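query06.tsv follows (TSV, C-alpha atoms (C1' of nucleotides)):
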chain	number	residue	atom	x	y	z
A	1	MET	CA	65.22	-85.96	-123.70
A	2	GLU	CA	65.83	-89.57	-124.66
A	3	VAL	CA	64.27	-92.73	-123.26
A	4	GLU	CA	64.10	-96.46	-123.95
A	5	ALA	CA	61.19	-98.76	-123.15
A	6	TYR	CA	61.67	-102.24	-121.70
A	7	ILE	CA	58.35	-104.03	-121.59
A	8	GLY	CA	57.45	-107.36	-120.10
A	9	GLN	CA	59.28	-110.56	-119.22
A	10	ASP	CA	59.38	-111.60	-122.90
A	11	ASP	CA	61.59	-108.61	-123.76
A	12	ARG	CA	64.98	-110.33	-123.99
A	13	ALA	CA	66.74	-106.99	-123.52
A	14	SER	CA	65.00	-106.29	-120.20
A	15	HIS	CA	66.36	-107.03	-116.75
A	16	ALA	CA	63.00	-108.72	-116.16
A	17	ARG	CA	63.83	-111.45	-118.72
A	18	PHE	CA	64.97	-113.86	-115.95
A	19	GLY	CA	61.88	-113.19	-113.87
A	20	GLU	CA	61.74	-111.43	-110.55
A	21	THR	CA	65.09	-111.09	-108.73
A	22	ALA	CA	66.36	-109.01	-105.83
A	23	ARG	CA	67.67	-106.39	-108.25
A	24	ASN	CA	64.67	-105.95	-110.56
A	25	ARG	CA	61.93	-106.49	-107.96
A	26	VAL	CA	60.63	-102.92	-108.25
A	27	MET	CA	59.91	-103.48	-111.97
A	28	PHE	CA	57.21	-105.93	-110.90
A	29	GLY	CA	55.62	-103.42	-108.53
A	30	PRO	CA	53.33	-100.45	-109.09
A	31	PRO	CA	54.21	-97.84	-111.74
A	32	GLY	CA	55.72	-94.43	-111.13
A	33	ARG	CA	58.60	-95.69	-108.98
A	34	ALA	CA	62.31	-95.40	-109.72
A	35	TYR	CA	64.46	-98.38	-110.69
A	36	VAL	CA	68.16	-97.49	-110.42
A	37	TYR	CA	70.75	-100.11	-111.34
A	38	LEU	CA	74.52	-100.16	-111.72
A	39	VAL	CA	76.05	-100.98	-115.11
A	40	TYR	CA	79.67	-101.67	-115.94
A	41	GLY	CA	80.55	-101.27	-112.29
A	42	MET	CA	80.37	-97.50	-112.32
A	43	TYR	CA	77.25	-95.99	-113.84
A	44	ASP	CA	73.89	-95.74	-112.11
A	45	CYS	CA	71.02	-95.71	-114.61
A	46	LEU	CA	67.58	-94.28	-113.84
A	47	ASN	CA	64.40	-96.02	-114.97
A	48	VAL	CA	60.73	-95.22	-114.40
A	49	VAL	CA	58.53	-98.25	-113.70
A	50	THR	CA	55.65	-97.98	-116.16
A	51	GLU	CA	53.09	-100.78	-116.23
A	52	PRO	CA	50.65	-102.04	-113.55
A	53	GLU	CA	51.79	-104.31	-110.73
A	54	GLY	CA	52.79	-107.77	-111.90
A	55	TRP	CA	53.74	-106.58	-115.40
A	56	PRO	CA	57.47	-105.82	-115.32
A	57	ALA	CA	58.29	-102.77	-117.44
A	58	ALA	CA	60.35	-99.62	-117.19
A	59	LEU	CA	61.51	-96.60	-119.13
A	60	LEU	CA	65.28	-96.04	-119.09
A	61	ILE	CA	66.06	-92.32	-119.00
A	62	ARG	CA	68.99	-92.14	-121.42
A	63	ALA	CA	69.41	-88.38	-121.55
A	64	VAL	CA	67.96	-85.18	-120.16
A	65	GLU	CA	68.65	-81.54	-120.85
A	66	PRO	CA	69.73	-79.80	-117.61
A	67	VAL	CA	67.86	-76.57	-116.87
A	68	GLU	CA	68.73	-76.13	-113.18
A	69	GLY	CA	71.65	-77.03	-110.94
A	70	ILE	CA	74.15	-77.01	-113.78
A	71	ASP	CA	77.02	-75.69	-111.64
A	72	ALA	CA	76.27	-78.30	-108.98
A	73	MET	CA	76.38	-81.03	-111.64
A	74	ARG	CA	79.79	-79.86	-112.80
A	75	LEU	CA	81.21	-79.65	-109.29
A	76	ASP	CA	79.88	-83.10	-108.46
A	77	ARG	CA	81.40	-84.59	-111.61
A	78	ILE	CA	84.76	-83.07	-110.70
A	79	ALA	CA	84.50	-84.35	-107.14
A	80	ARG	CA	83.69	-87.85	-108.36
A	81	ALA	CA	86.62	-87.77	-110.74
A	82	ARG	CA	88.88	-86.82	-107.85
A	83	THR	CA	88.00	-89.88	-105.80
A	84	ARG	CA	88.27	-92.02	-108.90
A	85	HIS	CA	91.76	-90.84	-109.76
A	86	ARG	CA	93.23	-90.39	-106.30
A	87	ALA	CA	94.72	-93.86	-106.10
A	88	ARG	CA	96.01	-93.68	-109.65
A	89	CYS	CA	97.33	-90.70	-111.49
A	90	LEU	CA	97.15	-87.27	-109.89
A	91	ASP	CA	97.37	-85.02	-112.96
A	92	ARG	CA	94.78	-87.21	-114.64
A	93	HIS	CA	92.23	-85.45	-112.46
A	94	ALA	CA	93.35	-81.98	-113.50
A	95	THR	CA	92.65	-82.67	-117.18
A	96	GLU	CA	89.34	-84.33	-116.33
A	97	ALA	CA	88.29	-81.34	-114.21
A	98	GLU	CA	89.18	-78.96	-117.02
A	99	ARG	CA	87.21	-81.03	-119.52
A	100	VAL	CA	84.11	-81.00	-117.30
A	101	ARG	CA	84.40	-77.23	-116.84
A	102	ARG	CA	84.39	-76.71	-120.62
A	103	LEU	CA	81.53	-79.16	-121.22
A	104	PRO	CA	78.35	-77.49	-122.54
A	105	ALA	CA	75.42	-77.73	-120.10
A	106	ALA	CA	73.48	-79.79	-122.65
A	107	ARG	CA	76.15	-82.50	-122.47
A	108	LEU	CA	76.13	-82.96	-118.71
A	109	ALA	CA	73.41	-85.63	-118.81
A	110	SER	CA	73.61	-86.91	-122.40
A	111	GLY	CA	73.79	-90.63	-121.68
A	112	PRO	CA	72.16	-93.04	-119.20
A	113	GLY	CA	75.21	-93.15	-116.92
A	114	LEU	CA	75.49	-89.39	-117.04
A	115	VAL	CA	71.83	-88.92	-116.08
A	116	GLY	CA	72.44	-90.87	-112.88
A	117	ALA	CA	75.60	-88.89	-112.17
A	118	ALA	CA	73.91	-85.55	-112.88
A	119	PHE	CA	71.17	-86.27	-110.34
A	120	GLY	CA	73.60	-87.87	-107.87
A	121	LEU	CA	71.77	-91.21	-107.90
A	122	ASP	CA	72.78	-94.67	-106.84
A	123	THR	CA	70.91	-97.94	-106.42
A	124	ARG	CA	69.54	-96.82	-103.05
A	125	TRP	CA	67.15	-94.53	-104.94
A	126	THR	CA	65.33	-97.58	-106.26
A	127	GLY	CA	61.71	-97.59	-105.13
A	128	ILE	CA	61.28	-93.85	-104.61
A	129	ASP	CA	57.90	-92.54	-105.80
A	130	LEU	CA	58.56	-90.29	-108.80
A	131	CYS	CA	54.93	-89.14	-108.92
A	132	ASP	CA	54.90	-87.70	-105.39
A	133	PRO	CA	55.12	-83.89	-105.73
A	134	LEU	CA	57.07	-83.83	-102.45
A	135	SER	CA	59.65	-86.37	-103.57
A	136	PRO	CA	63.23	-85.09	-103.91
A	137	LEU	CA	63.32	-86.89	-107.27
A	138	ARG	CA	60.11	-86.57	-109.24
A	139	LEU	CA	58.48	-86.20	-112.63
A	140	GLU	CA	56.82	-82.91	-113.44
A	141	ARG	CA	54.68	-81.85	-116.33
A	142	ALA	CA	56.64	-79.93	-118.97
A	143	SER	CA	55.82	-76.25	-119.07
A	144	ASP	CA	57.52	-75.48	-122.39
A	145	GLY	CA	56.84	-76.57	-125.97
A	146	ASP	CA	58.50	-79.97	-125.79
A	147	ALA	CA	55.21	-81.64	-126.70
A	148	ALA	CA	55.34	-79.97	-130.11
A	149	THR	CA	58.81	-81.33	-130.89
A	150	THR	CA	59.29	-84.19	-133.34
A	151	VAL	CA	59.90	-87.51	-131.56
A	152	LEU	CA	62.23	-90.00	-133.25
A	153	ALA	CA	61.73	-93.74	-132.70
A	154	THR	CA	64.87	-95.84	-133.26
A	155	PRO	CA	66.24	-99.20	-132.03
A	156	ARG	CA	67.54	-99.47	-128.49
A	157	ILE	CA	71.24	-99.17	-127.67
A	158	GLY	CA	73.63	-101.68	-126.09
A	159	ILE	CA	71.38	-104.73	-126.25
A	160	ASP	CA	73.13	-106.73	-128.97
A	161	GLY	CA	72.69	-110.02	-127.15
A	162	ALA	CA	68.91	-109.85	-127.07
A	163	GLY	CA	68.19	-111.23	-130.56
A	164	GLU	CA	65.32	-110.39	-132.87
A	165	PRO	CA	62.92	-108.71	-132.72
A	166	TRP	CA	64.21	-107.08	-129.54
A	167	THR	CA	67.33	-105.59	-131.10
A	168	SER	CA	65.31	-103.78	-133.78
A	169	VAL	CA	62.04	-102.71	-132.17
A	170	PRO	CA	62.05	-98.88	-132.28
A	171	TRP	CA	61.58	-98.38	-128.55
A	172	ARG	CA	64.20	-95.69	-128.15
A	173	LEU	CA	62.49	-92.32	-128.27
A	174	SER	CA	64.34	-89.04	-128.57
A	175	LEU	CA	63.54	-85.42	-129.30
A	176	ALA	CA	64.68	-84.53	-132.81
A	177	GLY	CA	67.45	-81.96	-132.81
A	178	ASN	CA	67.83	-81.93	-129.03
A	179	PRO	CA	71.51	-81.30	-128.14
A	180	SER	CA	71.37	-83.57	-125.08
A	181	VAL	CA	70.48	-86.75	-126.94
A	182	SER	CA	73.24	-89.38	-126.84
A	183	GLY	CA	74.84	-91.16	-129.77
A	184	PRO	CA	73.18	-91.00	-133.19
A	185	PHE	CA	70.45	-88.44	-133.91
A	186	ARG	CA	72.14	-85.87	-131.74
A	187	ALA	CA	71.74	-82.29	-132.92
A	188	ARG	CA	74.72	-81.03	-134.86
B	1	DG	C1'	90.01	-100.00	-130.29
B	2	DC	C1'	89.76	-100.72	-125.34
B	3	DA	C1'	90.20	-100.29	-120.17
B	4	DA	C1'	87.91	-99.10	-116.02
B	5	DG	C1'	84.98	-101.17	-112.48
B	6	DG	C1'	81.54	-103.86	-109.40
B	7	DA	C1'	77.19	-106.14	-109.03
B	8	DT	C1'	74.55	-109.90	-110.87
B	9	DA	C1'	72.90	-114.21	-112.90
B	10	DT	C1'	74.33	-118.63	-113.75
B	11	DC	C1'	76.92	-122.51	-113.43
B	12	DG	C1'	79.70	-125.80	-111.13
C	1	DG	C1'	82.37	-119.79	-104.75
C	2	DA	C1'	84.13	-118.71	-109.52
C	3	DT	C1'	83.23	-116.28	-113.77
C	4	DA	C1'	81.24	-114.23	-117.97
C	5	DT	C1'	78.43	-110.63	-118.71
C	6	DC	C1'	76.58	-106.19	-118.43
C	7	DC	C1'	70.50	-101.01	-120.85
C	8	DT	C1'	78.55	-97.13	-120.54
C	9	DT	C1'	81.98	-93.66	-121.02
C	10	DG	C1'	85.97	-91.25	-122.53
C	11	DC	C1'	90.38	-91.62	-124.02
C	12	DA	C1'	94.30	-94.10	-126.95

Write the structure described by the file as structure tokens, please.
Amino acid sequence: MEVEAYIGQDDRASHARFGETARNRVMFGPPGRAYVYLVYGMYDCLNVVTEPEGWPAALLIRAVEPVEGIDAMRLDRIARARTRHRARCLDRHATEAERVRRLPAARLASGPGLVGAAFGLDTRWTGIDLCDPLSPLRLERASDGDAATTVLATPRIGIDGAGEPWTSVPWRLSLAGNPSVSGPFRAR
DNA sequence: GCAAGGATATCG
DNA sequence: GATATCCTTGCA
């Protein structure tokens, strides 16, 4: 598990830094809702709105460790790769499919773009209530010992334009030694 | 190191 | 309306 916090309009790394817009509107609403946005034209990233209404904040889910639906995640990744490569190179898809088949389960959602892909999300999921037990996408209380794991706090990723102190505040939280964490501090 | 890819915020 | 940028990924 790996998350990053984006808190308030002052946070120069947050989508809320320009104030309320059509895209980030849900960040200004009540907490517990999903904010899904598209980055780099191809990756849908999942955020959880966190602070009370009027205070724009969200937690970017950068990585999760799949425990269910692993085969479905693989098949979906392969299917997506097929549509992506169809117009280009045909045997490109064969190598991509093989790579996904060999990928360890822990690496199927080890990055913000991969989390969105693993859950099959797109921007239309924005606004869904993640605290509703009946919601198809929801937060649930952990039943295992995750709470006892060491949590690492490090600077956030991919926000080099934000300036200080935003580029160095340790608002990226990850579980120490967890194989699904992206980038540095991944288990070896 | 860099290309892929599309929405978005900002500027003319 | 054009364009630089973007909370990324996987391969050269």

*Write out as a ChimeraX atom specification the residues lying within 12 Å of DA2 (chain C), counting all atoms listed in the file and excluding same-chain residues fewer than 2 positions away.*
/B:10-12 /C:4

*asked:* Using Å and a single decimal, report how far CA of Ser174 (chain A) sits from CA of Ala63 (chain A).
replied: 8.7 Å

*Pick the closest to chain B from A:Asp10, A:Glu98, A:Glu20, A:Glu4: which is it, counting all atoms listed in the file?*
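Counting all atoms listed in the file, the residue closest to chain B is A:Glu20.
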
Enumerate, in order of chain and increasing residue number, the residues of chain A with an atom no farther than 12 Å from chain C, each with its shortest atom pair and distance in Å to one decimal, counting all atoms listed in the file, as a Markdown table.
| residue | atom | partner | partner_atom | distance |
| --- | --- | --- | --- | --- |
| A:Val3 | CA | C:DC7 | C1' | 10.6 |
| A:Glu4 | CA | C:DC7 | C1' | 8.4 |
| A:Ala5 | CA | C:DC7 | C1' | 9.9 |
| A:Tyr6 | CA | C:DC7 | C1' | 9.0 |
| A:Arg12 | CA | C:DC7 | C1' | 11.3 |
| A:Ala13 | CA | C:DC7 | C1' | 7.6 |
| A:Ser14 | CA | C:DC7 | C1' | 7.7 |
| A:His15 | CA | C:DC7 | C1' | 8.4 |
| A:Ala16 | CA | C:DC7 | C1' | 11.7 |
| A:Val36 | CA | C:DC7 | C1' | 11.3 |
| A:Tyr37 | CA | C:DC7 | C1' | 9.6 |
| A:Leu38 | CA | C:DC6 | C1' | 9.3 |
| A:Val39 | CA | C:DC6 | C1' | 6.2 |
| A:Tyr40 | CA | C:DC6 | C1' | 6.0 |
| A:Gly41 | CA | C:DC6 | C1' | 8.8 |
| A:Met42 | CA | C:DT8 | C1' | 8.4 |
| A:Tyr43 | CA | C:DT8 | C1' | 6.9 |
| A:Asp44 | CA | C:DT8 | C1' | 9.7 |
| A:Cys45 | CA | C:DC7 | C1' | 8.2 |
| A:Leu46 | CA | C:DC7 | C1' | 10.1 |
| A:Asn47 | CA | C:DC7 | C1' | 9.8 |
| A:Ala58 | CA | C:DC7 | C1' | 10.9 |
| A:Leu59 | CA | C:DC7 | C1' | 10.2 |
| A:Leu60 | CA | C:DC7 | C1' | 7.4 |
| A:Ile61 | CA | C:DC7 | C1' | 9.9 |
| A:Arg62 | CA | C:DC7 | C1' | 9.0 |
| A:Arg92 | CA | C:DC11 | C1' | 11.3 |
| A:Thr95 | CA | C:DC11 | C1' | 11.5 |
| A:Glu96 | CA | C:DG10 | C1' | 9.9 |
| A:Arg99 | CA | C:DG10 | C1' | 10.7 |
| A:Val100 | CA | C:DG10 | C1' | 11.7 |
| A:Ala109 | CA | C:DT9 | C1' | 12.0 |
| A:Ser110 | CA | C:DT9 | C1' | 10.8 |
| A:Gly111 | CA | C:DT8 | C1' | 8.1 |
| A:Pro112 | CA | C:DT8 | C1' | 7.7 |
| A:Gly113 | CA | C:DT8 | C1' | 6.3 |
| A:Leu114 | CA | C:DT9 | C1' | 8.7 |
| A:Val115 | CA | C:DT8 | C1' | 11.5 |
| A:Gly116 | CA | C:DT8 | C1' | 11.6 |
| A:Ala117 | CA | C:DT9 | C1' | 11.9 |
| A:Arg156 | CA | C:DC7 | C1' | 8.3 |
| A:Ile157 | CA | C:DC7 | C1' | 7.1 |
| A:Gly158 | CA | C:DC7 | C1' | 6.1 |
| A:Ile159 | CA | C:DC7 | C1' | 6.6 |
| A:Asp160 | CA | C:DC7 | C1' | 10.3 |
| A:Gly161 | CA | C:DT5 | C1' | 10.2 |
| A:Ala162 | CA | C:DC7 | C1' | 10.9 |
| A:Thr167 | CA | C:DC7 | C1' | 11.7 |
| A:Arg172 | CA | C:DC7 | C1' | 11.0 |
| A:Ser182 | CA | C:DT8 | C1' | 11.3 |
| A:Gly183 | CA | C:DT9 | C1' | 11.6 |

12 Å contacts from chain B to chain A using all atoms listed in the file, as a PDB file with C-alpha atoms (C1' of nucleotides), in the coordinates of the input:
ATOM      1  C1'  DA B   3      90.200-100.290-120.170  1.00  0.00           C
ATOM      2  C1'  DA B   4      87.910 -99.100-116.020  1.00  0.00           C
ATOM      3  C1'  DG B   5      84.980-101.170-112.480  1.00  0.00           C
ATOM      4  C1'  DG B   6      81.540-103.860-109.400  1.00  0.00           C
ATOM      5  C1'  DA B   7      77.190-106.140-109.030  1.00  0.00           C
ATOM      6  C1'  DT B   8      74.550-109.900-110.870  1.00  0.00           C
ATOM      7  C1'  DA B   9      72.900-114.210-112.900  1.00  0.00           C
ATOM      8  C1'  DT B  10      74.330-118.630-113.750  1.00  0.00           C
TER       9       DT B  10
END

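When CA of Arg82 (chain A) is paired with CA of Arg101 (chain A), their separation reads 13.9 Å.
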
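Here CA of Leu139 (chain A) stands at a distance of 25.6 Å from CA of Arg80 (chain A).
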
*Quick one: everything within 12 Å of Pro52 (chain A), counting all atoms listed in the file, minus sequence neighbours fewer than 4 positions away in the same chain. Send it as a list in words.*
Ile7, Gly8, Val26, Met27, Phe28, Gly29, Pro30, Pro31, Gly32, Arg33, Pro56, Ala57 and Ala58 of chain A
